[in-house]
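Here is the structure we will look at.
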Amino acid sequence: MDLRCRGCGLIPRLCLCAEVRRVDNAVEVLIVRHYRERRLGSNSARLALLALSRASIQDWGLVEPPELDLSGDTWVLAPDGGSIPERMPERIVAMDGSWRQARKMLRRVPGIAGLPRISLAAVPRARMRAQHLDNGMATAEAIAAALEALGDVGGPELAAAYALQVERMRISRGFSAPA
């Protein structure tokens, strides 16, 4: 028996699926998720699927590398070495995993290393996991910040969903007040 919601990954009494508002985002979001992240309740990438009409997840690291559509104007979110595009790209790619996993995926997933990079300054917010880098962000948080910087309506909705997920995770861990 699966004890977690298939949509948000939280336990049923904390499920936030009905509270996340879905929007038609302009920029397509492709998430390349390390296979170990799939079952974690604190995995924020699945929020993009709830909040954004143009979002998908491809798991990486099991057997075969996923076939990714990296054609057209595609940018990758990266912790450093990039900028904000002057115009809205067709697609952004986000690596979903621990920092170590994400850095490896940036180098190893075919086609990713050659993409232009979007880098964002981290904004201090409540977190579900400890961040080991000053510019560390959860996947949903980074995607939301990138979409907001690009002027896409999906950014604020995904940021609100992430804030709700953090609140629910804190409740599940025995904290009642926001961080």
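Ordered as shown in the structure tokens, chains take letters A, B, and onward, while each chain numbers its residues from 1 and ligands are numbered from 1 in the order shown.
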Name the residues in contact with range 13-18 of chain A at a cut-off of 9 Å, using only C-alpha atoms, excluding same-chain residues fewer than 2 positions from it; report them as a PyMOL selection string. chain A and resi 4-5+7-11+20-21+47+50+161+164-165+168-169+171-172
Name the residues in contact with Ala55 in chain A at a cut-off of 6 Å, using only C-alpha atoms, excluding same-chain residues fewer than 4 positions from it; report them as a list in words. Glu28, Val29, Leu30 and Leu49 of chain A
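Using only C-alpha atoms, the smallest distance between any of A:Ser119, A:Asn25, A:Ser44, A:Gln58 and Ala163 in chain A comes from A:Ser44.
Proximity to Gly154 in chain A was assessed for A:Arg100, A:Arg54, A:Arg117, A:Arg91 counting only C-alpha atoms; the smallest distance is recorded for A:Arg54.
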Set the distance at 12 Å and use only C-alpha atoms: which residues neighbour Lys104 in chain A once local chain neighbours fewer than 4 positions away are removed? I'd like the list as a ChimeraX atom specification. /A:32-34,60-61,78,95-100,108-110,112-113
All alpha helix (DSSP H) positions in chain A, as a ChimeraX atom specification: /A:46-51,99-108,139-150,154-172
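As for CA of Ser56 in chain A and CA of Pro116 in chain A, they are spaced 19.8 Å apart.
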Would you mind writing down, as a PyMOL selection string, each residue of range 10-45 of chain A that DSSP on the backbone assigns to strand (DSSP E)? chain A and resi 28-34
How would the residues just picked look written out with N, CA and C atoms as a PDB file, in the first residue's frame?
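Output (result_27.pdb):
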```pdb
ATOM      1  N   GLU A  28       8.026  26.175 -21.534  1.00  0.00           N
ATOM      2  CA  GLU A  28       7.969  24.749 -21.206  1.00  0.00           C
ATOM      3  C   GLU A  28       9.048  24.431 -20.175  1.00  0.00           C
ATOM      4  N   VAL A  29       8.733  23.575 -19.210  1.00  0.00           N
ATOM      5  CA  VAL A  29       9.676  23.182 -18.163  1.00  0.00           C
ATOM      6  C   VAL A  29       9.911  21.681 -18.271  1.00  0.00           C
ATOM      7  N   LEU A  30      11.167  21.299 -18.462  1.00  0.00           N
ATOM      8  CA  LEU A  30      11.570  19.901 -18.490  1.00  0.00           C
ATOM      9  C   LEU A  30      12.447  19.650 -17.272  1.00  0.00           C
ATOM     10  N   ILE A  31      12.050  18.712 -16.450  1.00  0.00           N
ATOM     11  CA  ILE A  31      12.812  18.371 -15.251  1.00  0.00           C
ATOM     12  C   ILE A  31      13.476  17.021 -15.481  1.00  0.00           C
ATOM     13  N   VAL A  32      14.795  16.996 -15.324  1.00  0.00           N
ATOM     14  CA  VAL A  32      15.542  15.750 -15.384  1.00  0.00           C
ATOM     15  C   VAL A  32      15.817  15.375 -13.932  1.00  0.00           C
ATOM     16  N   ARG A  33      15.105  14.347 -13.471  1.00  0.00           N
ATOM     17  CA  ARG A  33      15.126  13.977 -12.053  1.00  0.00           C
ATOM     18  C   ARG A  33      16.006  12.745 -11.841  1.00  0.00           C
ATOM     19  N   HIS A  34      16.908  12.851 -10.886  1.00  0.00           N
ATOM     20  CA  HIS A  34      17.701  11.685 -10.506  1.00  0.00           C
ATOM     21  C   HIS A  34      16.749  10.640  -9.948  1.00  0.00           C
TER      22      HIS A  34
END
```
A straight line from CA of Ala149 in chain A to CA of Ile84 in chain A spans 7.4 Å
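Coordinates place CA of Pro89 in chain A at a distance of 22.3 Å from CA of Arg103 in chain A.
Using only C-alpha atoms, the shortest contact distance between Ala121 in chain A and any of A:Glu157, A:Asp80, A:Arg39, A:Glu148 is found at A:Asp80.
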